[in-house]
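Here the structure is laid out as structure tokens; the discussion comes afterwards.
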Amino acid sequence: MRTRFILIQTSHAGNVGAAARAMRTMGFDDLVLVAPRWPNVLRREETIQRASGALDVLEKARIVDTLDEALDGLTHLAATAMVPRDFGPPTRAPREHFASLVAEGTPQHVGLLFGSERFGMRNEDVYRCHVALSIPTAPDFGSLNLGAAIQVIAYEWRCALGGFAVRDATPVPPAADAAAVAGMLDHWERALVDIGFLDPAAPKKLMPRLTQLFNRAQPTPEEIHILRGIAKAMADTRRR
């Protein structure tokens with residue numbers, strides 16, 4: 001499904017940049033601005049700064065005069081309206097609606113509409129939509145910045161479409177092989193005897209328990225090196 005984010009009469013340039021950033025982090029890049037306050041909003045310094053590198057979204061973005069132009073080619077329209085309407089499309093939470101939308105699999109081009117920071121969405125614009133999305137917030141404080149609302153909607157829609165895999169910040173290091181673990185345990189056994197913690201005449205089950213402990217821990221080669229260094233330091237201290 002293709003997705004277009006439509007911002008209607010945006011009054012703050014920074015919110016356009018924040019919108020581009022929110023979209024880019026979720027893999028979307030189709031942004032249309034309807035009659036924004038600043039005709040050059042896509043090139044304003046505040047916009048570029050708030051985009052935080054999502055310049056490809058800004059470069060591809062379009063500015064149009066009317067909502068009709070922004071809706072060209074769309075097959076499913078979702079308004080984002082915090083205030084319920086007495087008349088109009090049903091109001092649903094984004095997660096619930098997006099899940100049903102993907103399950104049905106019918107719309108091919110989805111439009112997500114966001115109103116002005118100053119007065120939200122006009123009733124006439126909401127009436128044109130198939131659904132009004134309302135982000136669940138604290139009952140006594142539902143005020144969301146435009147950029148934050150776009151980020152939430154973009155995230156929920158991306159999750160419904162399948163999401164992105166979580167990537168480890170650093171590669172998972174390999175575990176040390178059995179010979180390295182055995183050599184480290186032998187080193188520790190000698191060090192424990194040196195400091196008087198282990199009685200070689202009555203070792204009981206100390207070493208088998210340590211063996212199980214380190215097998216569960218699956219130490220890396222670097223960690224084995226550290227543990228052997230500790231064993232050496234214990235023995236050296238005892239000799240001194």
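So you can find residues: chains in the structure tokens are A, B, ... in the order shown, residues in each start at 1, and ligands are numbered from 1 in order.
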
TODO: Write down as number ranges by chain the residues of stretch 122-165 of chain A whose backbone DSSP state falls under alpha helix (DSSP H).
DONE: A: 123-127, 146-160

Output N, CA, C and O atoms of each residue in that selection to a file, as a compact mmCIF listing (two decimals), in the first residue's frame.
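Dumped to again_13.txt:
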# COMPACT_ATOMS: atom_id res chain seq x y z
N ASN A 123 -14.67 20.63 9.62
CA ASN A 123 -15.67 19.56 9.49
C ASN A 123 -15.81 19.09 8.05
O ASN A 123 -15.92 17.89 7.78
N GLU A 124 -15.78 20.04 7.11
CA GLU A 124 -15.95 19.66 5.70
C GLU A 124 -14.85 18.71 5.23
O GLU A 124 -15.08 17.82 4.41
N ASP A 125 -13.63 18.88 5.76
CA ASP A 125 -12.53 18.01 5.38
C ASP A 125 -12.66 16.64 6.04
O ASP A 125 -12.37 15.61 5.42
N VAL A 126 -13.09 16.63 7.28
CA VAL A 126 -13.27 15.36 7.99
C VAL A 126 -14.37 14.53 7.32
O VAL A 126 -14.26 13.31 7.18
N TYR A 127 -15.44 15.19 6.88
CA TYR A 127 -16.55 14.48 6.26
C TYR A 127 -16.14 13.74 4.98
O TYR A 127 -16.80 12.78 4.58
N LEU A 146 1.89 18.64 16.47
CA LEU A 146 1.66 18.06 15.15
C LEU A 146 2.73 17.04 14.79
O LEU A 146 2.42 15.94 14.30
N GLY A 147 4.00 17.37 15.05
CA GLY A 147 5.07 16.43 14.73
C GLY A 147 4.95 15.14 15.52
O GLY A 147 5.18 14.04 14.99
N ALA A 148 4.56 15.25 16.80
CA ALA A 148 4.40 14.06 17.63
C ALA A 148 3.24 13.20 17.14
O ALA A 148 3.32 11.97 17.10
N ALA A 149 2.14 13.84 16.74
CA ALA A 149 0.98 13.10 16.24
C ALA A 149 1.34 12.34 14.96
O ALA A 149 0.96 11.18 14.77
N ILE A 150 2.10 12.99 14.08
CA ILE A 150 2.50 12.34 12.84
C ILE A 150 3.40 11.15 13.14
O ILE A 150 3.29 10.09 12.52
N GLN A 151 4.29 11.29 14.13
CA GLN A 151 5.18 10.19 14.48
C GLN A 151 4.39 8.99 14.99
O GLN A 151 4.67 7.84 14.62
N VAL A 152 3.39 9.25 15.84
CA VAL A 152 2.58 8.15 16.37
C VAL A 152 1.81 7.45 15.25
O VAL A 152 1.80 6.22 15.16
N ILE A 153 1.17 8.24 14.39
CA ILE A 153 0.40 7.64 13.30
C ILE A 153 1.31 6.88 12.34
O ILE A 153 0.99 5.76 11.91
N ALA A 154 2.47 7.46 12.01
CA ALA A 154 3.41 6.79 11.11
C ALA A 154 3.90 5.47 11.71
O ALA A 154 4.03 4.46 11.00
N TYR A 155 4.17 5.47 13.01
CA TYR A 155 4.64 4.26 13.68
C TYR A 155 3.56 3.17 13.68
O TYR A 155 3.82 2.01 13.35
N GLU A 156 2.33 3.55 14.04
CA GLU A 156 1.25 2.57 14.08
C GLU A 156 0.97 1.98 12.69
O GLU A 156 0.74 0.79 12.55
N TRP A 157 1.04 2.83 11.67
CA TRP A 157 0.78 2.36 10.31
C TRP A 157 1.91 1.44 9.85
O TRP A 157 1.67 0.41 9.22
N ARG A 158 3.14 1.80 10.17
CA ARG A 158 4.27 0.95 9.80
C ARG A 158 4.18 -0.40 10.50
O ARG A 158 4.47 -1.46 9.91
N CYS A 159 3.81 -0.41 11.77
CA CYS A 159 3.67 -1.67 12.50
C CYS A 159 2.59 -2.54 11.86
O CYS A 159 2.75 -3.76 11.73
N ALA A 160 1.48 -1.92 11.46
CA ALA A 160 0.41 -2.68 10.82
C ALA A 160 0.87 -3.28 9.50
O ALA A 160 0.44 -4.38 9.11

Skip A:Thr47 itself and residues of its chain fewer than 3 positions away, then list as a PDB file with C-alpha atoms, in the first residue's frame all residues within 8 Å of it, counting only C-alpha atoms.
ATOM      1  CA  ALA A  13       7.752  25.733   9.491  1.00  0.00           C
ATOM      2  CA  GLY A  14       9.393  23.572  12.140  1.00  0.00           C
ATOM      3  CA  ASN A  15       6.437  21.193  12.114  1.00  0.00           C
ATOM      4  CA  VAL A  16       6.966  20.528   8.415  1.00  0.00           C
ATOM      5  CA  GLY A  17      10.544  19.484   9.176  1.00  0.00           C
ATOM      6  CA  ALA A  18       9.369  17.383  12.124  1.00  0.00           C
ATOM      7  CA  VAL A  41       8.375  26.464   3.832  1.00  0.00           C
ATOM      8  CA  LEU A  42      10.279  23.537   2.325  1.00  0.00           C
ATOM      9  CA  ARG A  43      13.419  25.673   2.072  1.00  0.00           C
ATOM     10  CA  ARG A  44      13.210  27.583   5.352  1.00  0.00           C
ATOM     11  CA  ARG A  50      13.876  20.093  12.330  1.00  0.00           C
ATOM     12  CA  ALA A  51      14.015  17.522   9.500  1.00  0.00           C
TER      13      ALA A  51
END

Task: Interatomic distance (Å, one decimal) between atom CA of A:Arg2 and atom CA of A:Trp38 - done: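 Separation between atom CA of A:Arg2 and atom CA of A:Trp38: 27.2 Å.
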
What are the closest atom pairs, with distances in Å to one decimal, for each residue of stretch 128-206 of chain A lying within 9 Å of stretch 230-233 of chain A, using only C-alpha atoms, rows by chain and rising residue number, as a tab-separated table?
residue	atom	partner	partner_atom	distance
A:Met184	CA	A:Ala231	CA	8.5
A:His187	CA	A:Ala231	CA	6.5
A:Trp188	CA	A:Ala231	CA	5.4
A:Glu189	CA	A:Ala231	CA	8.6
A:Arg190	CA	A:Ala231	CA	8.2
A:Ala191	CA	A:Ala231	CA	5.5
A:Leu192	CA	A:Ala231	CA	7.9

Every residue of stretch 44-178 of chain A that DSSP places in strand (DSSP E or B), as a compact mmCIF listing (two decimals) with all heavy atoms, in the first residue's frame:
# COMPACT_ATOMS: atom_id res chain seq x y z
N ARG A 62 5.43 18.14 -2.06
CA ARG A 62 4.75 19.05 -2.97
C ARG A 62 3.88 20.02 -2.17
O ARG A 62 3.37 19.67 -1.11
CB ARG A 62 3.85 18.27 -3.94
CG ARG A 62 4.62 17.35 -4.88
CD ARG A 62 3.69 16.63 -5.85
NE ARG A 62 2.83 15.66 -5.18
CZ ARG A 62 1.50 15.70 -5.18
NH1 ARG A 62 0.87 16.69 -5.80
NH2 ARG A 62 0.80 14.77 -4.57
N ILE A 63 3.72 21.21 -2.72
CA ILE A 63 2.81 22.21 -2.16
C ILE A 63 1.68 22.43 -3.15
O ILE A 63 1.94 22.67 -4.34
CB ILE A 63 3.54 23.53 -1.87
CG1 ILE A 63 4.59 23.32 -0.78
CG2 ILE A 63 2.55 24.61 -1.45
CD1 ILE A 63 5.39 24.57 -0.45
N VAL A 64 0.43 22.32 -2.69
CA VAL A 64 -0.73 22.52 -3.55
C VAL A 64 -1.65 23.55 -2.90
O VAL A 64 -1.55 23.84 -1.70
CB VAL A 64 -1.49 21.20 -3.79
CG1 VAL A 64 -0.62 20.21 -4.55
CG2 VAL A 64 -1.97 20.60 -2.48
N HIS A 76 -8.23 5.62 0.07
CA HIS A 76 -8.70 5.53 1.46
C HIS A 76 -8.17 6.74 2.22
O HIS A 76 -6.97 6.99 2.23
CB HIS A 76 -8.22 4.25 2.13
CG HIS A 76 -8.74 4.08 3.53
ND1 HIS A 76 -9.97 3.54 3.81
CD2 HIS A 76 -8.18 4.41 4.73
CE1 HIS A 76 -10.16 3.53 5.12
NE2 HIS A 76 -9.10 4.05 5.69
N LEU A 77 -9.08 7.49 2.85
CA LEU A 77 -8.71 8.71 3.54
C LEU A 77 -8.96 8.58 5.04
O LEU A 77 -10.04 8.13 5.46
CB LEU A 77 -9.50 9.90 3.02
CG LEU A 77 -9.40 10.19 1.51
CD1 LEU A 77 -10.27 11.39 1.16
CD2 LEU A 77 -7.96 10.43 1.12
N ALA A 78 -7.94 8.95 5.83
CA ALA A 78 -8.07 8.92 7.28
C ALA A 78 -7.74 10.29 7.84
O ALA A 78 -6.62 10.80 7.64
CB ALA A 78 -7.14 7.86 7.88
N ALA A 79 -8.71 10.91 8.49
CA ALA A 79 -8.47 12.19 9.15
C ALA A 79 -7.90 11.94 10.54
O ALA A 79 -8.13 10.88 11.14
CB ALA A 79 -9.77 12.97 9.26
N THR A 80 -7.15 12.88 11.04
CA THR A 80 -6.69 12.79 12.43
C THR A 80 -7.38 13.92 13.19
O THR A 80 -7.01 15.08 13.06
CB THR A 80 -5.16 12.95 12.51
OG1 THR A 80 -4.77 14.12 11.79
CG2 THR A 80 -4.47 11.74 11.89
N THR A 91 -15.11 7.21 14.43
CA THR A 91 -13.85 7.54 15.10
C THR A 91 -13.24 6.26 15.66
O THR A 91 -13.90 5.52 16.39
CB THR A 91 -14.07 8.55 16.23
OG1 THR A 91 -14.62 9.75 15.69
CG2 THR A 91 -12.76 8.88 16.94
N ARG A 92 -11.98 6.01 15.32
CA ARG A 92 -11.31 4.79 15.77
C ARG A 92 -9.89 5.10 16.21
O ARG A 92 -9.29 6.09 15.78
CB ARG A 92 -11.28 3.75 14.64
CG ARG A 92 -12.65 3.21 14.25
CD ARG A 92 -12.54 2.25 13.10
NE ARG A 92 -13.84 1.74 12.68
CZ ARG A 92 -14.05 1.08 11.56
NH1 ARG A 92 -13.05 0.85 10.71
NH2 ARG A 92 -15.26 0.65 11.26
N HIS A 109 -3.96 3.04 -2.04
CA HIS A 109 -3.26 4.30 -1.81
C HIS A 109 -3.93 5.02 -0.66
O HIS A 109 -5.04 5.55 -0.80
CB HIS A 109 -3.27 5.16 -3.07
CG HIS A 109 -2.15 6.14 -3.12
ND1 HIS A 109 -1.80 6.82 -4.26
CD2 HIS A 109 -1.30 6.57 -2.16
CE1 HIS A 109 -0.77 7.62 -4.00
NE2 HIS A 109 -0.47 7.49 -2.73
N VAL A 110 -3.28 5.05 0.49
CA VAL A 110 -3.86 5.58 1.72
C VAL A 110 -3.40 7.02 1.93
O VAL A 110 -2.22 7.35 1.76
CB VAL A 110 -3.44 4.72 2.93
CG1 VAL A 110 -3.91 5.34 4.23
CG2 VAL A 110 -4.00 3.31 2.77
N GLY A 111 -4.34 7.87 2.31
CA GLY A 111 -4.03 9.25 2.64
C GLY A 111 -4.28 9.52 4.11
O GLY A 111 -5.35 9.17 4.64
N LEU A 112 -3.30 10.11 4.80
CA LEU A 112 -3.43 10.46 6.21
C LEU A 112 -3.42 11.98 6.31
O LEU A 112 -2.43 12.63 5.97
CB LEU A 112 -2.26 9.86 7.00
CG LEU A 112 -2.15 8.33 6.92
CD1 LEU A 112 -0.84 7.85 7.54
CD2 LEU A 112 -3.34 7.67 7.61
N LEU A 113 -4.53 12.54 6.78
CA LEU A 113 -4.72 13.99 6.78
C LEU A 113 -4.52 14.58 8.17
O LEU A 113 -5.03 14.04 9.17
CB LEU A 113 -6.13 14.35 6.29
CG LEU A 113 -6.40 14.33 4.78
CD1 LEU A 113 -6.19 12.96 4.19
CD2 LEU A 113 -7.81 14.82 4.51
N PHE A 114 -3.78 15.69 8.24
CA PHE A 114 -3.52 16.38 9.49
C PHE A 114 -3.89 17.85 9.33
O PHE A 114 -3.51 18.50 8.36
CB PHE A 114 -2.05 16.27 9.88
CG PHE A 114 -1.59 14.85 10.12
CD1 PHE A 114 -1.22 14.05 9.05
CD2 PHE A 114 -1.55 14.32 11.39
CE1 PHE A 114 -0.80 12.74 9.25
CE2 PHE A 114 -1.14 13.02 11.61
CZ PHE A 114 -0.77 12.23 10.53
N SER A 116 -4.53 21.99 10.67
CA SER A 116 -3.71 23.12 11.10
C SER A 116 -3.46 23.07 12.60
O SER A 116 -4.31 22.62 13.38
CB SER A 116 -4.42 24.43 10.74
OG SER A 116 -3.80 25.52 11.39
N GLY A 120 -7.05 22.87 13.92
CA GLY A 120 -7.33 21.48 13.62
C GLY A 120 -7.89 21.28 12.22
O GLY A 120 -7.55 22.01 11.29
N VAL A 131 -12.55 7.53 7.78
CA VAL A 131 -12.43 7.31 9.22
C VAL A 131 -11.76 8.53 9.83
O VAL A 131 -11.00 9.23 9.17
CB VAL A 131 -11.59 6.03 9.51
CG1 VAL A 131 -10.15 6.21 9.03
CG2 VAL A 131 -11.63 5.65 10.97
N ALA A 132 -12.07 8.78 11.10
CA ALA A 132 -11.37 9.80 11.88
C ALA A 132 -10.54 9.08 12.93
O ALA A 132 -11.08 8.35 13.77
CB ALA A 132 -12.36 10.76 12.55
N LEU A 133 -9.22 9.23 12.85
CA LEU A 133 -8.32 8.57 13.79
C LEU A 133 -8.12 9.45 15.02
O LEU A 133 -7.82 10.63 14.90
CB LEU A 133 -6.97 8.28 13.13
CG LEU A 133 -7.01 7.37 11.89
CD1 LEU A 133 -5.61 7.23 11.31
CD2 LEU A 133 -7.60 6.01 12.24
N ALA A 138 -4.13 10.63 27.67
CA ALA A 138 -4.67 10.82 29.02
C ALA A 138 -5.97 11.63 28.93
O ALA A 138 -6.02 12.63 28.20
CB ALA A 138 -3.66 11.54 29.90
N PHE A 141 -5.60 15.38 29.39
CA PHE A 141 -4.62 16.15 28.62
C PHE A 141 -4.34 15.44 27.30
O PHE A 141 -3.52 14.54 27.22
CB PHE A 141 -3.32 16.34 29.41
CG PHE A 141 -2.40 17.38 28.80
CD1 PHE A 141 -2.65 18.74 28.98
CD2 PHE A 141 -1.31 17.00 28.06
CE1 PHE A 141 -1.80 19.69 28.43
CE2 PHE A 141 -0.46 17.95 27.50
CZ PHE A 141 -0.71 19.30 27.69

- [ ] Have a look at atom CA of A:Gly27 and atom CA of A:Leu58 and let me know their distance in Å, one decimal.
- [x] 13.7 Å

Task: Residue with smallest distance to A:Asp177 - pool A:Pro221, A:Ile6, A:Ala70, A:Glu96, counting only C-alpha atoms - done: A:Pro221

TODO: Just give me the gap between atom CA of A:Leu206 and atom CA of A:Pro173 in Å, one decimal is fine.
DONE: 28.1 Å

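Excluding A:Asp65 itself and same-chain residues fewer than 2 positions from it, the residues having an atom within 12 Å of it are Leu7, Ile8, Gln9, Val32, Leu33, Val34, Ala35, Pro36, Arg37, Pro39, Arg62, Ile63, Leu67, Asp68, Glu69, Ala70 and Leu71 of chain A, counting only C-alpha atoms.
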